[in-house]
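The structure under discussion appears below in the form of structure tokens.
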Amino acid sequence: QKEVEQNSGPLSVPEGAIASLNCTYSDRGSQSFFWYRQYSGKSPELIMFIYSNGDKEDGRFTAQLNKASQYVSLLIRDSQPSDSATYLCAVNSSGGSYIPTFGRGTSLIVHP
Amino acid sequence: EAGVTQFPSHSVIEKGQTVTLRCDPISGHDNLYWYRRVMGKEIKFLLHFVKESKQDESGMPNNRFLAERTGGTYSTLKVQPAELEDSGVYFCASSRRLAFAGELFFGEGSRLTVL
């Protein structure tokens, strides 16, 4: 059973702080890693993807991947109240179909 | 460009009844995926179409679920007969490339409540 684990939260941070969201996965053969953001009642939308070990930065967002330790994280710098949402970690499964496996998501609350 | 649309947004039915959910993917997206989220759980894969062909239906829970994608355009997911445990939010997603190589574009989901 391929699993993706996330702390459901909520993670509460003050405006302007760094929010750190973590995800671990069980399938050592996984190759692609995605972070989706989902506002309440809305559709998940992709905000970051990472394929290689290390950091990948995009604006206020940084994705970090460590394949040896099987974890991927998302850092949000200068957190804003508009960042309050559920963040879903998705990992592609190894094998023929490469269907992404999702975690339960972490609820982030950024308070003014 | 229109996004992925799903209908209905919410359906309330009684146990034993039938429900059909519809998904219209983004035009030109050959790949269409159905996922389901049961309350408190993760979003779980149900099946994957490439055009009109079922590429992977390993996530379909049982034979009460039937998915079709006629002509490779819109897709329907029928639950017949519905059971209490089928309640949840059913998401449809589409992509131009296979999921591991590109992003999935999700609809807002169809919430199913079985009483």
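Letters A, B, ... go to the chains of the structure tokens in the order shown; residues in each chain start at 1; ligands are counted from 1 in the same order.
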Compile a residue-level contact table for chain A against chain B at a cut-off of 9 Å, reporting for every qualifying residue the shortest atom pair and its distance in Å to one decimal, with only C-alpha atoms counted, rows ordered by chain and ascending number, as a Markdown table.
| residue | atom | partner | partner_atom | distance |
| --- | --- | --- | --- | --- |
| A:Val4 | CA | B:Glu42 | CA | 8.9 |
| A:Gln31 | CA | B:Phe100 | CA | 8.0 |
| A:Ser32 | CA | B:Phe100 | CA | 6.0 |
| A:Phe33 | CA | B:Phe100 | CA | 8.4 |
| A:Phe34 | CA | B:Glu103 | CA | 8.3 |
| A:Gly41 | CA | B:Glu108 | CA | 7.0 |
| A:Lys42 | CA | B:Glu108 | CA | 5.1 |
| A:Ser43 | CA | B:Glu108 | CA | 4.2 |
| A:Pro44 | CA | B:Phe106 | CA | 6.0 |
| A:Glu45 | CA | B:Phe105 | CA | 6.8 |
| A:Leu46 | CA | B:Glu103 | CA | 6.5 |
| A:Phe49 | CA | B:Glu103 | CA | 8.4 |
| A:Leu88 | CA | B:Glu42 | CA | 9.0 |
| A:Val91 | CA | B:Phe100 | CA | 8.5 |
| A:Asn92 | CA | B:Phe100 | CA | 5.8 |
| A:Ser93 | CA | B:Phe100 | CA | 8.4 |
| A:Ser97 | CA | B:Asp56 | CA | 7.0 |
| A:Tyr98 | CA | B:Phe100 | CA | 5.7 |
| A:Ile99 | CA | B:Ala99 | CA | 6.3 |
| A:Pro100 | CA | B:Ala99 | CA | 6.8 |
| A:Thr101 | CA | B:Lys44 | CA | 7.1 |
| A:Phe102 | CA | B:Ile43 | CA | 5.7 |
| A:Gly103 | CA | B:Glu42 | CA | 5.3 |
| A:Arg104 | CA | B:Glu42 | CA | 3.9 |
| A:Gly105 | CA | B:Glu42 | CA | 7.2 |
Choose the residue, out of B:Thr5, B:Ser53, B:Ser87, B:Ser58, that has the smallest atom-to-atom separation from Thr70 in chain B; count only C-alpha atoms.
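The closest residue to Thr70 in chain B is B:Ser53.
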As a ChimeraX atom specification, list the residues of range 60-90 of chain A assigned to strand (DSSP E) by DSSP on the backbone atoms of this structure.
/A:61-66,71-76,85-90
Which residues are close to Arg96 in chain B, i.e. within 7 Å by only C-alpha atoms, leaving aside same-chain residues fewer than 2 positions away? Reply as a PyMOL selection string.
chain B and resi 28-31+98
For the residues in the current selection, export N, CA and C atoms as a PDB file, in the first residue's frame.
ATOM      1  N   GLY B  28      -9.442  19.316 -25.215  1.00  0.00           N
ATOM      2  CA  GLY B  28      -8.125  18.914 -25.672  1.00  0.00           C
ATOM      3  C   GLY B  28      -7.355  18.058 -24.708  1.00  0.00           C
ATOM      4  N   HIS B  29      -7.893  17.888 -23.500  1.00  0.00           N
ATOM      5  CA  HIS B  29      -7.222  17.037 -22.505  1.00  0.00           C
ATOM      6  C   HIS B  29      -7.667  15.595 -22.704  1.00  0.00           C
ATOM      7  N   ASP B  30      -6.723  14.772 -23.127  1.00  0.00           N
ATOM      8  CA  ASP B  30      -7.051  13.375 -23.366  1.00  0.00           C
ATOM      9  C   ASP B  30      -7.176  12.575 -22.068  1.00  0.00           C
ATOM     10  N   ASN B  31      -6.454  13.011 -21.040  1.00  0.00           N
ATOM     11  CA  ASN B  31      -6.436  12.264 -19.787  1.00  0.00           C
ATOM     12  C   ASN B  31      -7.501  12.791 -18.834  1.00  0.00           C
ATOM     13  N   LEU B  98       0.302  12.877 -19.292  1.00  0.00           N
ATOM     14  CA  LEU B  98       0.107  11.965 -18.176  1.00  0.00           C
ATOM     15  C   LEU B  98       0.409  12.673 -16.872  1.00  0.00           C
TER      16      LEU B  98
END
Compile the contact shell of Arg77 in chain A as a list of chain:residue names: residues with an atom at most 6 Å away, counting only C-alpha atoms, same-chain residues fewer than 2 positions apart removed.
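The filter keeps A:Ile18, A:Arg60, A:Ser79.
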For Ala63 in chain A, work out the shell of residues within 7 Å, counting only C-alpha atoms and skipping chain neighbours fewer than 2 positions away, then give it as number ranges by chain.
A: 48, 50, 55-57, 61, 65, 73-75
Those residues with all heavy atoms, as an mmCIF file, in the first residue's frame please?
data_model
loop_
_atom_site.group_PDB
_atom_site.id
_atom_site.type_symbol
_atom_site.label_atom_id
_atom_site.label_comp_id
_atom_site.auth_asym_id
_atom_site.auth_seq_id
_atom_site.Cartn_x
_atom_site.Cartn_y
_atom_site.Cartn_z
ATOM 1 N N MET A 48 3.099 23.915 -6.813
ATOM 2 C CA MET A 48 4.525 23.589 -6.949
ATOM 3 C C MET A 48 4.674 22.137 -7.367
ATOM 4 O O MET A 48 3.880 21.291 -6.976
ATOM 5 C CB MET A 48 5.267 23.772 -5.627
ATOM 6 C CG MET A 48 5.447 25.194 -5.164
ATOM 7 S SD MET A 48 6.706 26.085 -6.096
ATOM 8 C CE MET A 48 8.202 25.299 -5.503
ATOM 9 N N ILE A 50 8.131 19.234 -7.928
ATOM 10 C CA ILE A 50 9.577 19.056 -7.801
ATOM 11 C C ILE A 50 9.925 17.626 -8.163
ATOM 12 O O ILE A 50 9.177 16.696 -7.825
ATOM 13 C CB ILE A 50 10.057 19.429 -6.370
ATOM 14 C CG1 ILE A 50 11.582 19.391 -6.273
ATOM 15 C CG2 ILE A 50 9.396 18.559 -5.308
ATOM 16 C CD1 ILE A 50 12.117 20.053 -4.999
ATOM 17 N N ASP A 55 16.121 22.019 -3.252
ATOM 18 C CA ASP A 55 15.108 23.054 -3.128
ATOM 19 C C ASP A 55 14.698 23.589 -4.483
ATOM 20 O O ASP A 55 15.507 23.668 -5.411
ATOM 21 C CB ASP A 55 15.646 24.221 -2.287
ATOM 22 C CG ASP A 55 15.937 23.834 -0.854
ATOM 23 O OD1 ASP A 55 15.705 22.652 -0.488
ATOM 24 O OD2 ASP A 55 16.402 24.695 -0.086
ATOM 25 N N LYS A 56 13.444 23.976 -4.559
ATOM 26 C CA LYS A 56 12.940 24.649 -5.752
ATOM 27 C C LYS A 56 12.102 25.820 -5.288
ATOM 28 O O LYS A 56 11.162 25.635 -4.521
ATOM 29 C CB LYS A 56 12.100 23.698 -6.608
ATOM 30 C CG LYS A 56 11.527 24.363 -7.862
ATOM 31 C CD LYS A 56 10.678 23.390 -8.652
ATOM 32 C CE LYS A 56 10.073 24.091 -9.868
ATOM 33 N NZ LYS A 56 9.202 23.168 -10.649
ATOM 34 N N GLU A 57 12.459 27.001 -5.753
ATOM 35 C CA GLU A 57 11.798 28.209 -5.272
ATOM 36 C C GLU A 57 10.933 28.818 -6.372
ATOM 37 O O GLU A 57 11.296 28.844 -7.546
ATOM 38 C CB GLU A 57 12.862 29.222 -4.822
ATOM 39 C CG GLU A 57 12.317 30.446 -4.126
ATOM 40 C CD GLU A 57 13.434 31.333 -3.573
ATOM 41 O OE1 GLU A 57 14.366 30.805 -2.945
ATOM 42 O OE2 GLU A 57 13.374 32.560 -3.809
ATOM 43 N N PHE A 61 7.096 30.649 -2.347
ATOM 44 C CA PHE A 61 7.019 29.216 -2.092
ATOM 45 C C PHE A 61 8.349 28.517 -2.398
ATOM 46 O O PHE A 61 8.998 28.804 -3.403
ATOM 47 C CB PHE A 61 5.919 28.577 -2.965
ATOM 48 C CG PHE A 61 4.541 29.101 -2.696
ATOM 49 C CD1 PHE A 61 4.012 30.115 -3.472
ATOM 50 C CD2 PHE A 61 3.772 28.584 -1.659
ATOM 51 C CE1 PHE A 61 2.742 30.604 -3.230
ATOM 52 C CE2 PHE A 61 2.495 29.065 -1.416
ATOM 53 C CZ PHE A 61 1.980 30.082 -2.212
ATOM 54 N N LEU A 65 12.849 18.597 -1.401
ATOM 55 C CA LEU A 65 12.717 17.157 -1.588
ATOM 56 C C LEU A 65 13.956 16.440 -1.081
ATOM 57 O O LEU A 65 15.084 16.828 -1.406
ATOM 58 C CB LEU A 65 12.503 16.833 -3.066
ATOM 59 C CG LEU A 65 12.467 15.358 -3.466
ATOM 60 C CD1 LEU A 65 11.327 14.623 -2.755
ATOM 61 C CD2 LEU A 65 12.347 15.209 -4.981
ATOM 62 N N SER A 73 8.685 18.841 1.474
ATOM 63 C CA SER A 73 8.092 19.896 2.289
ATOM 64 C C SER A 73 7.809 21.119 1.431
ATOM 65 O O SER A 73 8.341 21.269 0.323
ATOM 66 C CB SER A 73 9.012 20.258 3.463
ATOM 67 O OG SER A 73 10.248 20.753 2.986
ATOM 68 N N LEU A 74 6.961 21.956 1.965
ATOM 69 C CA LEU A 74 6.613 23.229 1.317
ATOM 70 C C LEU A 74 6.774 24.333 2.340
ATOM 71 O O LEU A 74 6.185 24.267 3.415
ATOM 72 C CB LEU A 74 5.176 23.200 0.794
ATOM 73 C CG LEU A 74 4.688 24.487 0.118
ATOM 74 C CD1 LEU A 74 5.400 24.691 -1.214
ATOM 75 C CD2 LEU A 74 3.176 24.442 -0.094
ATOM 76 N N LEU A 75 7.577 25.320 1.991
ATOM 77 C CA LEU A 75 7.744 26.493 2.844
ATOM 78 C C LEU A 75 7.049 27.665 2.183
ATOM 79 O O LEU A 75 7.192 27.888 0.976
ATOM 80 C CB LEU A 75 9.229 26.821 3.040
ATOM 81 C CG LEU A 75 10.116 25.737 3.650
ATOM 82 C CD1 LEU A 75 11.555 26.221 3.745
ATOM 83 C CD2 LEU A 75 9.610 25.337 5.026
#
Which residues are near Pro81 in chain A? Cut-off 8 Å, only C-alpha atoms, ignore same chain within fewer than 4 positions. Put them as a ChimeraX atom specification.
/A:15,109-112
Any chance you can output those residues with C-alpha atoms as a compact mmCIF listing (two decimals), in the first residue's frame?
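Dumped to again.txt:
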# COMPACT_ATOMS: atom_id res chain seq x y z
CA GLU A 15 0.90 36.89 9.17
CA ILE A 109 -4.47 29.18 9.02
CA VAL A 110 -2.64 32.48 8.72
CA HIS A 111 -3.98 34.94 11.25
CA PRO A 112 -3.49 38.70 11.03
Name all residues at most 9 Å from Met60 in chain B (count only C-alpha atoms; drop same-chain ones fewer than 3 positions away) and give them as a ChimeraX atom specification.
/B:45-47,57,63,65-66
So, with only C-alpha atoms as the atoms that count, which of B:Ala67, B:Leu84, B:Val114, B:Val89 lies closest to Arg22 in chain B?
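Checking each candidate against Arg22 in chain B, we get B:Ala67 as the closest.
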Which of these, A:Ile76, A:Gln38, A:Tyr51, A:Ala90, has the shortest distance to Thr24 in chain A once you count only C-alpha atoms?
A:Ala90
Just list the residues in chain B DSSP gives helix (DSSP H, G or I) on the backbone, as a ChimeraX atom specification.
/B:70-72,84-86
Among the residues A:Ala17, A:Glu3, A:Ile47, A:Gly54, the one that comes closest to Lys67 in chain A [using only C-alpha atoms]
A:Gly54
